[in-house]
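S.K.: Take this structure first; my questions come after.
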Amino acid sequence: MPTEPFDQEPVFPEPAMADQGHALDVKHRSPRQITWARRRRALTRFWKQFRENRLGTAGLFVLSLFVLVAICAPLIAPRSATTEVTATAKDQPILAPPGHHCPQSYIQNVQDPNTGEYHTIEKPCLASEEQFYPLGTDGAGRSLFALLVWGARISLLVGLVATIMAMLIGSGIGIAAGFYGGWVDVALSRLTDWFLVIPWIALAIVLASVLGQSLFNIIMVVAVTSWAVTARLVRAQALTVATRPYVERARALGASNWHIITRHVLPNLFPIIFANTILTVALSILAESTLSFLGLGDPMSVSWGTILEQAQGAGATTGGQWWWVMTPGVAITAVVLAFTMCGFAVEEITNPRLRRR
Amino acid sequence: MSLLEIRDLHVAYSTSAGPVPAVRGVDLDVERGQVVGLAGESGCGKSTIAGAILRLLPKETKVEGQILLDGEDILTMTWGRLRAVRWEESSIIFQGAMHGLDPVKRVGEQIAEAILIHDPKVTEKEALTRAGELVEQVKLPARRTQDYPHELSGGQKQRIMIAMALACDPKLVIADEPTSALDVMVQAQVLDLLEDLQRDLGLSMIFITHDLSVLVGVCDRISVMYAGKIVEEGSADAVFETPKHPYTRALSSAFPEIGDERYRLLPTGLGGDPPDPMDIPSGCSFHPRCVDVFAPCPSTEPVLYDAGEGRRAACLLLDGAERAAGEG
Amino acid sequence: MGQAFLTLLFVLAVNFFLFRILPSDPITMMVRANRLTDSQKAELIREFGFAKPLAEQFLIYITHPWRLGYSQQSSRPVVDVIGERIWPTVLLVGISTILSTILGVLIGISSAWRRGSRLDVNWLISTMTFYSMPDFWFGMMLLLVFAATLHWFPVGGYASPPEAGLTGFFPHLLDVARHLFLPAATLTIGYLGEYSLIMRSSLIDVMHEDFVNVVRAKGLRDRDVRRKHAVPNALLPIVTMVILYFGYVLAGAVGVETVFSYPGLGLLTYTSIVEQDFPVMQGIFLLLSAAVIIANLIADITYTYLDPRVRQT
């Protein structure tokens with residue numbers, strides 16, 4: 001079965017390989033080995049270019065940091081800190097600013113309900129044991145630091161899983177539409193267009209309400225609202241590949257559709273959708289935080305969006321509890337920015353037209 | 001005094017890899033009413049000269065030398081004077097008319113714009129009428145001024161470009177590959193048009209192309225360029241019939257005419273690629289591709305040697321001393 | 001245009017079926033126990049034909065899309081509930097879109113002109129940062145700083161209550177403007193980065209086109225080259241892009257209105273989620289989808305008007 005497309009690199013050993021002492025005996029390597037060797041080289045070349053891109057490396061660094069924190073959550077902060085409310089002697093949860101050390105008192109900004117004026121009062125910290133809150137607490141007395149660390153898990157999980165699902169759905173539909181053409185293409189394109197036109201939040205709200213609130217459902221909702229962009233991209237690419245001469249040649253030699261798709265279409269698709277995938281993760285995380293903020297998230301788990309939901313519900317913005325509002329948002333911005341920078345870096349490398357002229 | 005005098009022109013583009021020399025010391029003269037052809041492969045620097053004459057090259061490009069248009073040095077002009085000179089004293093017919101026109105404006109407006117820029121006293125209506133006249137001059141119906149560029153064929157667009165170039169009655173018209181993007185039949189028509197216009201209006205022209213055979217019919221004199229320098233110049237017929245430089249010989253045989261005896265005997269085509277401007281061969285820059293290459297070529301850089309009756313060529317074979325040394 | 005109509009029909013159909021897959025019976029969904037009077041319930045059953053077979057119900061639904069039922073929160077007709085919230089949102093989204101487009105285009109033009117300079121690079125980084133922020137969170141931060149802490153602006157709402165005594169045209173206008181400022185600023189700043197980036201790259205592309213060189217050769221001043229030839233050509237993709245982002249701006253409006261308690265469709269969406277008010281949710285879904293579809297249509301028409309190359313087809 002022919003596997004070597006014409007328009008990829010030639011198979012003959014390059015001088016560099018000879019220098020490294022590799023066997024020049026091409027005949028003894030199977031086509032598959034050659035293909036994989038070439039892919040490894042392409043990967044190394046890509047990595048080298050990526051490392052030269054300052055934006056991309058910075059993004060990757062920040063990303064790895066957050067992923068590390070998310071994975072090591074149990075080691076950094078106890079799970080109990082996110083569910084238990086620090087009970088006090090008088091059963092009043094404290095709402096402490098960052099850097100607060102219990103049991104000293106702290107200043108809070110309150111609004112007089114009658115006059116509407118703001119003034120500060122001093123509140124005693126009624127927790128019995130010593131507690132240090134590096135980022136302060138939320139309205140229920142939970143350490144914001146712990147909430148953020150555990151929230152990273154959910155936000156990243158939803159973002160990544162939803163994106164993988166969206167990629168799978170989108171690629172599947174895109175390849176089917178581009179490759180098979182005809183009425184399959186027409187039907188699938190109509191479907192894709194429809195999903196593109198509908199404002200995502202309207203669809204998300206309707207779906208979330210119908211399906212109910214759970215972690216799986218929110219992943220589904222984010223995936224369903226994101227696949228269309230990928231589908232369109234993949235379809236365009238599949239169309240160009242399907243008409244290339246080597247595909248015709250493979251067909252003439254009796255290759256099945258499946259073979260052509262997996263051996264020719266998919267490998268050529270990969271660089272294009274790689275950048276798109278990274279940027280989709282960024283958008284998925286934003287989508288999840290928005291949906292959680294609106295109350296459509298999983299009530300059982302803590303994500304950065306739900307922290308903000310609770311902050312909004314408790315009037316943290318008007319109450320001046322800036323730490324409650326600022327920290328989850330900064331976390332979201334940082335992660336999304338990191339993914340975006342990586343995505344742009346990858347796009348620049350894989351799409352030479354975007355390079356500086 | 002000639003209409004255009006270019007003296008020792010050096011142009012280097014600035015790129016991320018460093019300065020790239022495109023023109024390396026070129027002298028060129030155009031007399032009034034004369035048509036001078038500039039021939040060479042792509043990348044030899046001929047289009048750069050066209051851009052340099054009206055200072056249209058990117059800001060960072062280094063341009064040195066003298067370009068005297070009717071006695072005034074273009075390279076030292078003020079911006080205001082330059083803008084006035086552009087199009088009115090000298091205009092360009094750009095190559096690739098495909099994208100030379102603003103796609104969202106009617107072609108008549110674009111021709112009229114040239115007129116309005118240089119004569120603010122003219123009203124829009126008058127300018128449009130004049131545009132119509134110019135369009136008729138290039139053998140298109142005046143109503144074509146109402147069309148958008150995408151509604152015109154390649155040949156029609158090229159004619160519009162010619163009409164636009166003539167809008168301000170320039171003294172010098174630079175035609176930069178005006179026919180390269182057209183099919184052969186249309187090419188012939190446009191060439192005839194240019195010839196007629198030049199004759200009727202007494203224009204001075206610089207005709208830039210890579211096709212030597214095109215130049216013969218149109219031009220009075222031809223200069224051949226290679227790797228940023230002029231390697232041969234003389235009267236059009238002389239250069240075409242009896243080329244003195246090996247490159248010119250190869251160039252003229254690259255576009256054979258059916259039935260012409262010469263093409264049956266001469267080697268056709270030219271092997272190799274044009275030199276990378278960042279890596280120009282030493283000595284005579286043509287020596288790696290030259291069929292007549294001999295000993296001193298890779299080390300000695302030729303200048304334009306006299307080759308008889310107002311002709312010059314930069315080939316060491318013409319330098320008596322070198323030749324003798326080589327043969328000896 | 002036929003395409004838009006078809007899409008709209010499809011939206012209606014999906015809406016219909018989406019809510020029929022709910023486990024409980026649709027009447028209960030719409031009627032929700034004791035909130036409605038018996039006569040209202042009977043009217044619903046008659047209007048929607050709940051007693052009739054599904055196919056007939058669908059036909060009734062398709063031919064009378066404005067029959068949205070009653071809100072579960074207030075037992076008022078959904079059309080009324082939605083109707084009174086439309087204007088504040090139109091005001092908010094309209095002003096934000098206009099401002100962000102104009103500012104985005106202007107900044108994009110100057111960025112393209114100063115490509116690679118310090119200012120340009122800083123702006124690119126800022127844009128990426130704002131792009132990465134959740135818009136509702138940005139609103140929360142603005143509210144925190146400018147309203148809750150500095151007291152420059154009110155903390156929410158559309159206008160001050162009547163007790164504040166701001167009657168008369170201009171005082172009322174000013175009052176509305178003060179209330180609108182922060183929510184509009186949130187949406188505007190959130191999206192003007194995108195538009196400036198698009199304009200910037202579009203203008204850079206156009207500046208490399210041949211015809212720009214031709215126009216310079218004709219003797220036109222650089223700033224006129226930009227103004228008369230480059231920018232008009234570079235604006236074409238903006239039209240498409242603004243419409244493409246319209247759906248996202250609407251989504252942003254939901255979050256922003258919630259944060260600022262701004263009484264528009266966005267806040268209504270939030271409360272209907274909290275109250276599980278399905279008829280209102282359905283109505284908003286239809287309205288938002290219809291808005292985006294119509295916006296797409298307007299964009300197509302505008303683009304055809306602006307770009308002569310498209311007119312033939």
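Letters for chains follow the order of the structure tokens (A, B, ...), residue numbers begin at 1 for each chain, and ligand numbers begin at 1 in the order shown.
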Output the contact residues of chain A with respect to chain C at a cut-off of 7 Å, based on only C-alpha atoms, as number ranges by chain.

M.R.: A: 194, 197-199, 201-202, 206, 210, 286, 294, 317-318, 320, 322, 329, 333, 336-337

S.K.: Write the residues of the preceding selection, restricted to N, CA and C atoms, as a CSV table (one decimal), in the first residue's frame.

M.R.:
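Writing the result to result28.csv gives the following:
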chain,number,residue,atom,x,y,z
A,194,TRP,N,-25.5,26.4,11.5
A,194,TRP,CA,-26.5,26.7,12.5
A,194,TRP,C,-25.9,26.9,13.8
A,197,VAL,N,-24.1,30.2,14.1
A,197,VAL,CA,-24.9,31.4,14.1
A,197,VAL,C,-25.5,31.7,15.5
A,198,ILE,N,-26.0,30.6,16.1
A,198,ILE,CA,-26.7,30.7,17.4
A,198,ILE,C,-25.7,31.3,18.4
A,199,PRO,N,-26.1,32.3,19.2
A,199,PRO,CA,-25.2,32.8,20.2
A,199,PRO,C,-25.0,31.7,21.2
A,201,ILE,N,-24.2,31.5,24.2
A,201,ILE,CA,-24.7,31.5,25.6
A,201,ILE,C,-26.2,31.1,25.6
A,202,ALA,N,-26.9,31.5,24.5
A,202,ALA,CA,-28.3,31.1,24.5
A,202,ALA,C,-28.5,29.6,24.5
A,206,VAL,N,-30.0,27.1,27.5
A,206,VAL,CA,-31.1,26.2,27.2
A,206,VAL,C,-30.7,24.8,27.5
A,210,VAL,N,-32.0,22.3,30.5
A,210,VAL,CA,-32.7,21.0,30.1
A,210,VAL,C,-32.0,19.8,30.7
A,286,LEU,N,-13.0,30.0,29.5
A,286,LEU,CA,-13.8,31.3,29.7
A,286,LEU,C,-15.2,30.9,29.7
A,294,LEU,N,-23.1,32.2,36.1
A,294,LEU,CA,-24.5,32.4,36.0
A,294,LEU,C,-25.3,31.3,36.7
A,317,THR,N,-18.7,42.7,45.5
A,317,THR,CA,-18.2,43.8,44.8
A,317,THR,C,-18.7,45.1,45.5
A,318,THR,N,-19.9,45.2,45.9
A,318,THR,CA,-20.4,46.4,46.5
A,318,THR,C,-19.8,46.5,48.0
A,320,GLY,N,-16.9,45.7,48.9
A,320,GLY,CA,-15.5,46.1,49.0
A,320,GLY,C,-14.6,44.9,49.3
A,322,TRP,N,-12.5,43.0,47.9
A,322,TRP,CA,-11.8,42.9,46.6
A,322,TRP,C,-11.1,41.6,46.4
A,329,GLY,N,-10.5,35.8,39.4
A,329,GLY,CA,-10.4,36.4,38.0
A,329,GLY,C,-9.0,36.5,37.5
A,333,THR,N,-7.7,34.7,34.1
A,333,THR,CA,-7.0,35.5,33.1
A,333,THR,C,-5.6,35.0,32.8
A,336,VAL,N,-5.9,31.6,30.8
A,336,VAL,CA,-6.4,31.8,29.5
A,336,VAL,C,-5.4,32.6,28.6
A,337,LEU,N,-4.7,33.5,29.3
A,337,LEU,CA,-3.6,34.2,28.6
A,337,LEU,C,-2.5,33.3,28.2

S.K.: Which residues come within 10 Å of Met241 of chain C, counting only C-alpha atoms, excluding same-chain residues fewer than 6 positions away, as an NGL selection string?

M.R.: :C and (194-195 or 198-199 or 299)

S.K.: Give me the residues within 8 Å of segment 50-60 of chain A as a VMD selection string, counting only C-alpha atoms and dropping any in the same chain fewer than 6 places off.

M.R.: chain A and resid 337 to 346 349

S.K.: If I take atom CA of Ile34 of chain A and atom CA of Leu168 of chain A, how far is one from the other in Å, to one decimal?

M.R.: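 Straight-line distance from atom CA of Ile34 of chain A to atom CA of Leu168 of chain A works out to 27.8 Å.
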
S.K.: Could you work out which residues of chain B fall inside 7 Å of chain C? Count only C-alpha atoms, and format the result as a count of residues only.

M.R.: 13

S.K.: For atom CA of Thr167 of chain C and atom CA of Glu84 of chain C, quote the distance in Å rounded to one decimal.

M.R.: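 Atom CA of Glu84 of chain C lies 20.5 Å from atom CA of Thr167 of chain C.
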
S.K.: Excluding segment 96-105 of chain C and residues on its chain fewer than 5 positions from it, collect all residues at most 6 Å away from it, counting only C-alpha atoms, and give them as a ChimeraX atom specification.

M.R.: /C:184,187-188,192,195-196,199

S.K.: Show me, as a PDB file with C-alpha atoms, in the first residue's frame, the residues that have an atom within 12 Å of segment 6-21 of chain B when counting only C-alpha atoms, minus same-chain residues fewer than 3 positions from it.

M.R.:
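selection.pdb was written with the following content:
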ATOM      1  CA  ARG A 356       6.632  39.128  10.125  1.00  0.00           C
ATOM      2  CA  ARG A 357       6.982  40.571   6.655  1.00  0.00           C
TER       3      ARG A 357
ATOM      4  CA  SER B   2      19.458  63.996 -21.518  1.00  0.00           C
ATOM      5  CA  LEU B   3      16.012  63.781 -20.060  1.00  0.00           C
ATOM      6  CA  ARG B  24      25.425  47.764  -7.840  1.00  0.00           C
ATOM      7  CA  GLY B  25      26.546  50.772  -9.786  1.00  0.00           C
ATOM      8  CA  VAL B  26      24.336  51.475 -12.804  1.00  0.00           C
ATOM      9  CA  ASP B  27      24.585  54.295 -15.323  1.00  0.00           C
ATOM     10  CA  LEU B  28      21.685  54.918 -17.648  1.00  0.00           C
ATOM     11  CA  ASP B  29      20.745  57.718 -20.060  1.00  0.00           C
ATOM     12  CA  VAL B  30      17.461  58.415 -21.751  1.00  0.00           C
ATOM     13  CA  GLU B  31      17.236  61.166 -24.373  1.00  0.00           C
ATOM     14  CA  GLY B  43      15.842  39.634  -9.650  1.00  0.00           C
ATOM     15  CA  CYS B  44      18.530  41.390 -11.651  1.00  0.00           C
ATOM     16  CA  GLY B  45      17.499  44.768 -10.335  1.00  0.00           C
ATOM     17  CA  LYS B  46      15.616  46.305 -13.254  1.00  0.00           C
ATOM     18  CA  SER B  47      12.344  46.808 -11.400  1.00  0.00           C
ATOM     19  CA  THR B  48      14.328  48.245  -8.511  1.00  0.00           C
ATOM     20  CA  ILE B  49      15.649  50.937 -10.833  1.00  0.00           C
ATOM     21  CA  ALA B  50      12.073  51.738 -11.868  1.00  0.00           C
ATOM     22  CA  GLY B  51      11.095  52.117  -8.218  1.00  0.00           C
ATOM     23  CA  ALA B  52      14.202  54.141  -7.438  1.00  0.00           C
ATOM     24  CA  ILE B  53      13.563  56.733 -10.131  1.00  0.00           C
ATOM     25  CA  ARG B  55      11.714  57.093  -4.871  1.00  0.00           C
ATOM     26  CA  LEU B  57      11.215  51.951  -2.609  1.00  0.00           C
ATOM     27  CA  PRO B  58      10.608  51.123   1.085  1.00  0.00           C
ATOM     28  CA  LYS B  59      11.871  53.734   3.543  1.00  0.00           C
ATOM     29  CA  GLU B  60      14.705  51.609   4.886  1.00  0.00           C
ATOM     30  CA  THR B  61      16.219  50.985   1.464  1.00  0.00           C
ATOM     31  CA  LYS B  62      19.606  52.557   0.911  1.00  0.00           C
ATOM     32  CA  VAL B  63      19.756  54.469  -2.372  1.00  0.00           C
ATOM     33  CA  GLU B  64      22.995  56.139  -3.420  1.00  0.00           C
ATOM     34  CA  GLY B  65      24.053  57.889  -6.562  1.00  0.00           C
ATOM     35  CA  GLN B  66      22.423  60.457  -8.764  1.00  0.00           C
ATOM     36  CA  ILE B  67      19.166  60.362 -10.679  1.00  0.00           C
ATOM     37  CA  LEU B  68      18.806  63.518 -12.739  1.00  0.00           C
ATOM     38  CA  LEU B  69      15.391  64.017 -14.286  1.00  0.00           C
ATOM     39  CA  ASP B  70      15.526  67.031 -16.559  1.00  0.00           C
ATOM     40  CA  GLY B  71      18.456  68.318 -14.553  1.00  0.00           C
ATOM     41  CA  GLU B  72      16.911  67.901 -11.077  1.00  0.00           C
ATOM     42  CA  ASP B  73      18.314  65.272  -8.751  1.00  0.00           C
ATOM     43  CA  ILE B  74      15.430  63.120  -7.602  1.00  0.00           C
ATOM     44  CA  LEU B  75      17.335  61.663  -4.671  1.00  0.00           C
ATOM     45  CA  ALA B 227      23.026  40.718 -10.943  1.00  0.00           C
ATOM     46  CA  GLY B 228      22.547  44.420 -10.361  1.00  0.00           C
ATOM     47  CA  LYS B 229      24.876  45.718 -13.066  1.00  0.00           C
ATOM     48  CA  ILE B 230      24.608  46.594 -16.727  1.00  0.00           C
ATOM     49  CA  PRO B 275      22.629  34.509  -8.401  1.00  0.00           C
ATOM     50  CA  ASP B 276      21.438  35.076  -4.865  1.00  0.00           C
ATOM     51  CA  PRO B 277      21.960  38.796  -4.229  1.00  0.00           C
ATOM     52  CA  MET B 278      23.454  37.959  -0.847  1.00  0.00           C
ATOM     53  CA  ASP B 279      25.975  35.646  -2.447  1.00  0.00           C
ATOM     54  CA  ILE B 280      27.091  37.114  -5.757  1.00  0.00           C
TER      55      ILE B 280
END

S.K.: What is the atom CA of Thr163 of chain A-atom CA of Val221 of chain A distance in Å, reported with one decimal?

M.R.: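 A separation of 10.9 Å between them.
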
S.K.: Can you pull out every residue from segment 50-287 of chain A that DSSP, working from the backbone, puts in alpha helix (DSSP H), and format the result as a PyMOL selection string?

M.R.: chain A and resi 50-52+54-71+73-76+80-83+144-180+182-197+200-211+215-242+245-252+257-260+266-287

S.K.: Within 9 Å of Arg178 of chain C, counting only C-alpha atoms, which residues qualify if same-chain residues fewer than 6 places away don't, as a PyMOL selection string?

M.R.: chain C and resi 152-154+158-159

S.K.: Please extract the residues of segment 87-315 of chain B with a backbone DSSP assignment of strand (DSSP E) and present them as a VMD selection string.

M.R.: chain B and resid 90 to 93 172 to 176 204 to 209 221 to 226 229 to 235 305 to 306 312 to 313

S.K.: Which residues come within 12 Å of Val239 of chain B, counting only C-alpha atoms, excluding same-chain residues fewer than 2 positions away, as a ChimeraX atom specification?

M.R.: /B:37-39,212-213,215-216,219-224,231-237,241-249,251-252,307-313
